$ cat model.tsv   # TSV, C-alpha atoms
chain	number	residue	atom	x	y	z
O	1405	MET	CA	23.05	-24.16	33.46
O	1406	LEU	CA	22.39	-20.54	32.58
O	1407	SER	CA	20.45	-21.09	29.37
O	1408	HIS	CA	16.97	-21.34	30.93
O	1409	PRO	CA	17.19	-18.10	32.99
O	1410	THR	CA	18.71	-16.35	29.99
O	1411	LEU	CA	15.83	-17.43	27.76
O	1412	GLU	CA	13.35	-16.18	30.35
O	1413	LYS	CA	15.10	-12.81	30.55
O	1414	LEU	CA	15.17	-12.46	26.76
O	1415	SER	CA	11.43	-13.15	26.71
O	1416	ALA	CA	10.79	-10.66	29.52
O	1417	LEU	CA	12.75	-8.03	27.60
O	1418	ARG	CA	10.76	-8.88	24.45
O	1419	LEU	CA	13.96	-9.75	22.61
O	1420	TYR	CA	12.15	-12.50	20.75
O	1421	GLY	CA	14.54	-12.58	17.83
O	1422	MET	CA	17.51	-13.19	20.10
O	1423	LEU	CA	15.45	-15.70	22.08
O	1424	HIS	CA	14.65	-17.80	19.03
O	1425	GLY	CA	18.16	-17.33	17.69
O	1426	LEU	CA	19.69	-18.66	20.93
O	1427	GLN	CA	17.31	-21.62	20.90
O	1428	ASP	CA	18.41	-22.40	17.34
O	1429	GLN	CA	22.07	-22.12	18.31
O	1430	GLN	CA	21.53	-24.60	21.12
O	1431	LYS	CA	20.44	-27.14	18.50
O	1432	MET	CA	23.39	-26.48	16.18
O	1433	PRO	CA	26.08	-29.16	16.52
O	1434	ASP	CA	28.85	-26.79	15.45
O	1435	ALA	CA	27.77	-23.76	17.53
O	1436	ALA	CA	30.56	-24.35	20.05
O	1437	GLU	CA	33.13	-23.92	17.28
O	1438	MET	CA	32.02	-20.32	16.70
O	1439	SER	CA	33.56	-17.45	18.64
O	1440	PHE	CA	31.55	-15.43	21.14
O	1441	GLU	CA	31.54	-12.47	18.71
O	1442	GLU	CA	30.20	-14.64	15.88
O	1443	ARG	CA	27.40	-16.07	18.00
O	1444	LEU	CA	26.51	-12.65	19.39
O	1445	GLY	CA	26.49	-11.19	15.88
O	1446	LEU	CA	24.05	-13.87	14.70
O	1447	LEU	CA	21.75	-13.14	17.64
O	1448	VAL	CA	21.80	-9.40	16.97
O	1449	ASP	CA	21.09	-9.98	13.26
O	1450	ARG	CA	18.18	-12.27	14.20
O	1451	GLU	CA	16.74	-9.66	16.55
O	1452	ALA	CA	17.04	-6.91	13.93
O	1453	ALA	CA	15.34	-9.08	11.28
O	1454	ASP	CA	12.59	-10.03	13.72
O	1455	ARG	CA	11.89	-6.40	14.58
O	1456	ASP	CA	11.83	-5.40	10.92
O	1457	SER	CA	9.35	-8.19	10.21
O	1458	ARG	CA	7.06	-7.14	13.05
O	1459	ARG	CA	7.17	-3.48	12.03
O	1460	LEU	CA	6.31	-4.43	8.44
O	1461	ALA	CA	3.40	-6.59	9.59
O	1462	GLN	CA	2.08	-3.67	11.63
O	1463	ARG	CA	2.42	-1.22	8.71
O	1464	LEU	CA	0.54	-3.62	6.42
O	1465	LYS	CA	-2.18	-4.09	9.03
O	1466	VAL	CA	-2.67	-0.33	9.42
O	1467	ALA	CA	-2.59	0.20	5.63
O	1468	ARG	CA	-5.64	-2.05	5.12
O	1469	LEU	CA	-4.80	-2.70	1.48
O	1470	ARG	CA	-7.68	-3.92	-0.64
O	1471	GLN	CA	-5.56	-6.59	-2.32
O	1472	ASN	CA	-2.49	-8.57	-1.36
O	1473	ALA	CA	-0.59	-7.23	-4.37
O	1474	ALA	CA	3.11	-7.19	-5.22
O	1475	ILE	CA	5.13	-5.46	-7.92
O	1476	GLU	CA	6.74	-8.79	-8.80
O	1477	ASP	CA	3.34	-10.28	-9.70
O	1478	ILE	CA	2.21	-7.54	-12.10
O	1479	ASP	CA	1.54	-8.84	-15.62
O	1480	PHE	CA	3.38	-6.67	-18.15
O	1481	ARG	CA	2.45	-8.94	-21.07
O	1482	HIS	CA	-1.19	-7.89	-21.18
O	1483	PRO	CA	-1.59	-5.07	-23.76
O	1484	ARG	CA	-2.83	-2.23	-21.56
O	1485	GLY	CA	-0.19	0.46	-22.09
O	1486	LEU	CA	1.68	-0.26	-18.87
O	1487	ASP	CA	5.25	1.04	-19.06
O	1488	ARG	CA	7.53	-1.39	-17.23
O	1489	GLY	CA	10.31	1.14	-16.80
O	1490	MET	CA	8.03	3.78	-15.34
O	1491	LEU	CA	6.36	1.36	-12.95
O	1492	LEU	CA	9.67	-0.05	-11.73
O	1493	GLY	CA	10.79	3.53	-11.21
O	1494	LEU	CA	7.74	4.14	-9.04
O	1495	ALA	CA	8.53	0.92	-7.17
O	1496	SER	CA	11.76	2.53	-5.98
O	1497	CYS	CA	9.57	4.86	-3.84
O	1498	ASP	CA	11.75	7.86	-4.73
O	1499	TRP	CA	8.55	9.75	-5.57
O	1500	ILE	CA	7.33	9.24	-2.01
O	1501	LYS	CA	10.63	10.46	-0.66
O	1502	SER	CA	10.24	13.55	-2.87
O	1503	ARG	CA	6.61	14.00	-1.71
O	1504	ASP	CA	5.27	13.64	-5.26
O	1505	ASN	CA	1.87	12.19	-6.12
O	1506	CYS	CA	0.76	9.41	-8.46
O	1507	VAL	CA	-2.38	9.10	-10.57
O	1508	ILE	CA	-3.49	5.82	-12.17
O	1509	THR	CA	-6.38	5.96	-14.64
O	1510	GLY	CA	-7.93	3.40	-16.94
O	1511	PRO	CA	-11.10	1.45	-17.76
O	1512	THR	CA	-12.83	-1.03	-15.49
O	1513	GLY	CA	-10.77	-4.14	-14.87
O	1514	ALA	CA	-7.52	-2.68	-16.20
O	1515	GLY	CA	-5.75	-3.36	-12.90
O	1516	LYS	CA	-5.70	0.12	-11.33
O	1517	SER	CA	-6.46	-1.04	-7.81
O	1518	TYR	CA	-3.98	-3.91	-8.03
O	1519	ILE	CA	-1.16	-1.63	-9.18
O	1520	ALA	CA	-2.06	0.93	-6.52
O	1521	CYS	CA	-1.98	-1.75	-3.82
O	1522	ALA	CA	1.29	-3.16	-5.19
O	1523	LEU	CA	2.92	0.27	-4.97
O	1524	ALA	CA	1.46	0.74	-1.48
O	1525	ASN	CA	2.78	-2.67	-0.45
O	1526	ARG	CA	6.25	-1.72	-1.67
O	1527	ALA	CA	6.04	1.55	0.27
O	1528	CYS	CA	5.25	-0.41	3.45
O	1529	ARG	CA	8.28	-2.61	2.80
O	1530	GLU	CA	10.45	0.48	2.39
O	1531	GLY	CA	9.39	1.73	5.80
O	1532	TYR	CA	6.69	4.26	4.85
O	1533	SER	CA	3.33	4.52	6.60
O	1534	VAL	CA	0.43	3.84	4.24
O	1535	LEU	CA	-3.35	4.04	4.32
O	1536	TYR	CA	-5.65	2.70	1.60
O	1537	ALA	CA	-9.21	3.99	1.29
O	1538	ARG	CA	-11.99	3.92	-1.25
O	1539	THR	CA	-12.79	7.58	-1.79
O	1540	GLY	CA	-16.56	7.35	-1.37
O	1541	ARG	CA	-16.28	5.35	1.84
O	1542	LEU	CA	-13.66	7.71	3.25
O	1543	LEU	CA	-15.94	10.67	2.65
O	1544	GLN	CA	-18.76	8.84	4.43
O	1545	ASP	CA	-16.44	8.17	7.37
O	1546	LEU	CA	-15.55	11.86	7.54
O	1547	GLN	CA	-19.25	12.75	7.64
O	1548	VAL	CA	-19.69	10.40	10.61
O	1549	ALA	CA	-16.54	11.81	12.25
O	1550	ARG	CA	-17.95	15.32	11.95
O	1551	ALA	CA	-21.14	14.24	13.70
O	1552	GLU	CA	-19.11	12.57	16.48
O	1553	ASP	CA	-16.83	15.59	16.97
O	1554	ALA	CA	-13.86	13.59	15.67
O	1555	TYR	CA	-13.49	15.38	12.33
O	1556	ALA	CA	-10.34	17.38	13.15
O	1557	ARG	CA	-8.63	14.35	14.66
O	1558	ARG	CA	-9.45	12.26	11.59
O	1559	LEU	CA	-8.05	14.92	9.26
O	1560	ARG	CA	-4.84	15.10	11.28
O	1561	ALA	CA	-4.43	11.34	10.99
O	1562	LEU	CA	-4.92	11.49	7.20
O	1563	ALA	CA	-2.43	14.34	6.96
O	1564	ARG	CA	0.34	12.42	8.76
O	1565	VAL	CA	0.45	9.22	6.72
O	1566	ASP	CA	3.37	9.03	4.25
O	1567	LEU	CA	1.25	7.59	1.42
O	1568	LEU	CA	-2.52	7.94	1.18
O	1569	VAL	CA	-4.17	5.80	-1.51
O	1570	LEU	CA	-7.54	7.10	-2.75
O	1571	ASP	CA	-9.14	4.40	-4.88
O	1572	ASP	CA	-12.31	4.74	-6.99
O	1573	TRP	CA	-11.77	8.49	-7.26
O	1574	ALA	CA	-14.55	10.59	-8.87
O	1575	MET	CA	-16.93	7.65	-9.28
O	1576	ALA	CA	-19.94	9.91	-8.60
O	1577	PRO	CA	-20.60	13.67	-8.47
O	1578	LEU	CA	-19.54	15.18	-5.15
O	1579	SER	CA	-21.72	17.10	-2.74
O	1580	ASP	CA	-20.46	20.41	-1.41
O	1581	PRO	CA	-19.36	18.94	1.96
O	1582	GLN	CA	-17.55	16.12	0.14
O	1583	ARG	CA	-15.74	18.59	-2.12
O	1584	ARG	CA	-14.58	20.55	0.89
O	1585	ASP	CA	-13.48	17.41	2.71
O	1586	LEU	CA	-11.36	16.32	-0.24
O	1587	PHE	CA	-9.88	19.78	-0.50
O	1588	GLU	CA	-8.94	19.73	3.19
O	1589	ILE	CA	-7.25	16.34	2.75
O	1590	LEU	CA	-5.26	17.40	-0.31
O	1591	ASP	CA	-4.38	20.79	1.10
O	1592	ASP	CA	-3.08	19.28	4.34
O	1593	ARG	CA	-0.94	16.81	2.41
O	1594	TYR	CA	0.29	19.17	-0.30
O	1595	ASP	CA	4.09	19.20	-0.50
O	1596	ARG	CA	4.27	17.27	2.79
O	1597	HIS	CA	3.30	13.70	1.91
O	1598	SER	CA	2.34	11.68	-1.17
O	1599	THR	CA	-1.12	10.80	-2.44
O	1600	LEU	CA	-1.93	8.06	-4.94
O	1601	VAL	CA	-5.24	8.29	-6.80
O	1602	ALA	CA	-6.77	5.48	-8.86
O	1603	ALA	CA	-9.68	6.48	-11.09
O	1604	GLN	CA	-11.75	5.06	-13.89
O	1605	ILE	CA	-12.68	8.51	-15.18
O	1606	PRO	CA	-9.98	10.26	-17.27
O	1607	ILE	CA	-8.35	13.30	-15.70
O	1608	GLU	CA	-9.93	15.70	-18.19
O	1609	HIS	CA	-13.38	14.86	-16.76
O	1610	TRP	CA	-12.52	15.35	-13.10
O	1611	HIS	CA	-13.64	18.99	-13.07
O	1612	ALA	CA	-17.17	17.91	-13.95
O	1613	SER	CA	-17.20	15.23	-11.24
O	1614	ILE	CA	-15.96	17.63	-8.59
O	1615	GLY	CA	-18.59	20.16	-9.56
O	1616	ASP	CA	-17.35	23.47	-8.17
O	1617	PRO	CA	-14.88	25.05	-10.66
O	1618	THR	CA	-13.00	27.04	-8.00
O	1619	LEU	CA	-12.54	24.11	-5.64
O	1620	ALA	CA	-11.78	21.81	-8.56
O	1621	ASP	CA	-8.94	24.08	-9.71
O	1622	ALA	CA	-7.52	24.28	-6.19
O	1623	MET	CA	-7.78	20.51	-5.57
O	1624	LEU	CA	-6.34	19.42	-8.88
O	1625	ASP	CA	-3.52	21.95	-8.72
O	1626	ARG	CA	-2.41	20.39	-5.43
O	1627	LEU	CA	-2.82	16.87	-6.74
O	1628	LEU	CA	-1.64	16.93	-10.35
O	1629	HIS	CA	1.21	19.41	-10.75
O	1630	ASN	CA	3.77	16.98	-9.31
O	1631	ALA	CA	1.95	13.73	-10.13
O	1632	HIS	CA	3.40	10.75	-11.96
O	1633	LYS	CA	0.65	9.61	-14.35
O	1634	VAL	CA	-0.01	5.98	-15.29
O	1635	THR	CA	-2.67	5.64	-18.00
O	1636	LEU	CA	-3.99	2.13	-18.66
O	1637	LYS	CA	-6.07	0.96	-21.61
O	1638	GLY	CA	-7.29	-2.21	-23.27
O	1639	ASP	CA	-9.55	-5.06	-22.25
O	1640	SER	CA	-10.40	-5.99	-18.69
O	1641	MET	CA	-7.90	-8.16	-16.84
O	1642	ARG	CA	-10.89	-9.86	-15.20
O	1643	LYS	CA	-12.21	-10.79	-18.64
O	1644	LYS	CA	-8.81	-12.21	-19.55
O	1645	ARG	CA	-8.70	-14.31	-16.37
O	1646	GLY	CA	-12.26	-15.50	-17.03
O	1647	VAL	CA	-11.40	-16.63	-20.55
O	1648	ALA	CA	-8.28	-18.36	-19.25
O	1649	THR	CA	-10.30	-20.15	-16.58
O	1650	ILE	CA	-12.89	-21.33	-19.11
O	1651	SER	CA	-10.11	-22.53	-21.42
O	1652	ASP	CA	-8.40	-24.37	-18.57
O	1653	ASN	CA	-11.67	-26.03	-17.55
O	1654	ILE	CA	-12.35	-27.17	-21.11
O	1655	THR	CA	-8.84	-28.58	-21.39
O	1656	LEU	CA	-9.24	-30.36	-18.06
O	1657	ARG	CA	-12.58	-31.89	-19.11
O	1658	ASN	CA	-11.09	-33.06	-22.42
O	1659	GLU	CA	-8.11	-34.63	-20.69
O	1660	THR	CA	-10.42	-36.34	-18.17
O	1661	ALA	CA	-12.63	-37.68	-20.99
O	1662	GLU	CA	-9.60	-39.08	-22.83
O	1663	HIS	CA	-8.60	-41.04	-19.73
$ encode --input "model.tsv" --output "structure tokens"
Amino acid sequence: MLSHPTLEKLSALRLYGMLHGLQDQQKMPDAAEMSFEERLGLLVDREAADRDSRRLAQRLKVARLRQNAAIEDIDFRHPRGLDRGMLLGLASCDWIKSRDNCVITGPTGAGKSYIACALANRACREGYSVLYARTGRLLQDLQVARAEDAYARRLRALARVDLLVLDDWAMAPLSDPQRRDLFEILDDRYDRHSTLVAAQIPIEHWHASIGDPTLADAMLDRLLHNAHKVTLKGDSMRKKRGVATISDNITLRNETAEH
């Protein structure tokens, strides 16, 4: 008699996990055999799991990751110099807890963005706030924010996030305002939160891309001195997938012809 009002109250209180858990219990033939404490414990567990799931979905939405990547799906067989032990160590997120940085470099198609997004995805699952951005586009956004008198607010938001992912770093020479914007971002985050940079250009060439030697020294000191470095090499993963697709298509055509 009381189940319908109870369900309505659980919905009004936004206890959706307990709501769905109680509905499931009502369908269980052996629910009556459980004690009150057992049934209540199951409802509380369901509510906790539901809240964790919703918080994770929100963190992933805010992070705006470029790829739906996962550590478990990374291909360690491809010869690109990827150290499994080091990457699994980064997947523990201890470096984020310690406020260290991470730098991933390598040629086009080596999987830098995928690995960066996989680490960011793991960080979201561990409860950290994350934001992914392509460096050039972020700098354009900051230019617009400055014109709209939202520059300081945007910098504060970038400073607060637990893990900031800057992809496509140093793809083109920086203008003086862009150099200063990047310095502000790195200086605000230094020793407070973690930054992950993915770049095609090797670290030794970053000074030239930044342009100003003084600002370059200051920026890279804040970024690199506590950075975990992942250096990739070898052929493009896209090329490998393309060859595999062609091979699969040929095999499929041959099998179709035989039948």
$ closest_residue --input "model.tsv" --among "O:Ser1598, O:Gly1540, O:Leu1447, O:Asp1585" --to "Asp1498 of chain O" --atoms "only C-alpha atoms"
O:Ser1598
$ atom_distance --input "model.tsv" --atom1 "atom CA of Gly1421 of chain O" --atom2 "atom CA of Phe1440 of chain O"
17.6 Å
$ closest_residue --input "model.tsv" --among "O:Ala1416, O:Leu1562, O:Gln1462, O:Asn1472" --to "Leu1523 of chain O" --atoms "only C-alpha atoms"
O:Asn1472
$ closest_residue --input "model.tsv" --among "O:Gln1544, O:Gln1604, O:Gln1427, O:Asn1505" --to "Ser1579 of chain O" --atoms "only C-alpha atoms"
O:Gln1544
$ residues_around --input "model.tsv" --residues "Thr1599 of chain O" --least-positions-apart "2" --cutoff "8 Å" --atoms "only C-alpha atoms" --output "list of chain:residue names"
O:Asp1504, O:Asn1505, O:Cys1506, O:Leu1567, O:Leu1568, O:Val1569, O:Leu1570, O:Arg1593, O:His1597, O:Val1601, O:Leu1627
$ residues_near_point --input "model.tsv" --point "(3.0, -1.2, 9.3)" --cutoff "8 Å" --atoms "all atoms listed in the file" --output "PDB file with C-alpha atoms, in the frame of the given file"
ATOM      1  CA  ARG O1459       7.170  -3.480  12.030  1.00  0.00           C
ATOM      2  CA  LEU O1460       6.310  -4.430   8.440  1.00  0.00           C
ATOM      3  CA  ALA O1461       3.400  -6.590   9.590  1.00  0.00           C
ATOM      4  CA  GLN O1462       2.080  -3.670  11.630  1.00  0.00           C
ATOM      5  CA  ARG O1463       2.420  -1.220   8.710  1.00  0.00           C
ATOM      6  CA  LEU O1464       0.540  -3.620   6.420  1.00  0.00           C
ATOM      7  CA  LYS O1465      -2.180  -4.090   9.030  1.00  0.00           C
ATOM      8  CA  VAL O1466      -2.670  -0.330   9.420  1.00  0.00           C
ATOM      9  CA  ALA O1467      -2.590   0.200   5.630  1.00  0.00           C
ATOM     10  CA  CYS O1528       5.250  -0.410   3.450  1.00  0.00           C
ATOM     11  CA  GLY O1531       9.390   1.730   5.800  1.00  0.00           C
ATOM     12  CA  TYR O1532       6.690   4.260   4.850  1.00  0.00           C
ATOM     13  CA  SER O1533       3.330   4.520   6.600  1.00  0.00           C
ATOM     14  CA  VAL O1534       0.430   3.840   4.240  1.00  0.00           C
TER      15      VAL O1534
END
$ closest_residue --input "model.tsv" --among "O:Asn1630, O:Gln1429, O:Thr1410, O:Gln1582" --to "Asp1616 of chain O" --atoms "only C-alpha atoms"
O:Gln1582
$ atom_distance --input "model.tsv" --atom1 "atom CA of Arg1538 of chain O" --atom2 "atom CA of Leu1486 of chain O"
22.7 Å
$ atom_distance --input "model.tsv" --atom1 "atom CA of Arg1526 of chain O" --atom2 "atom CA of Leu1543 of chain O"
25.8 Å
$ residues_around --input "model.tsv" --residues "segment 1449-1453 of chain O" --least-positions-apart "3" --cutoff "7 Å" --atoms "only C-alpha atoms" --output "PyMOL selection string"
chain O and resi 1419-1422+1425+1445-1446+1456-1457
$ residues_around --input "model.tsv" --residues "Ala1603 of chain O" --least-positions-apart "4" --cutoff "9 Å" --atoms "all atoms listed in the file" --output "list in words"
Val1507, Ile1508, Thr1509, Gly1510, Pro1511, Lys1516, Ser1517, Leu1570, Asp1571, Asp1572, Trp1573, Ala1574, Met1575 and Ile1607 of chain O
$ closest_residue --input "model.tsv" --among "O:Ala1473, O:Ala1527, O:Leu1542, O:Met1490" --to "Gly1515 of chain O" --atoms "all atoms listed in the file"
O:Ala1473
$ closest_residue --input "model.tsv" --among "O:Asp1566, O:Arg1583, O:Asp1592, O:Asp1434" --to "Asp1621 of chain O" --atoms "only C-alpha atoms"
O:Arg1583
$ residues_near_point --input "model.tsv" --point "(-10.2, 21.3, -8.9)" --cutoff "10 Å" --atoms "only C-alpha atoms" --output "VMD selection string"
chain O and resid 1583 1587 1610 to 1628
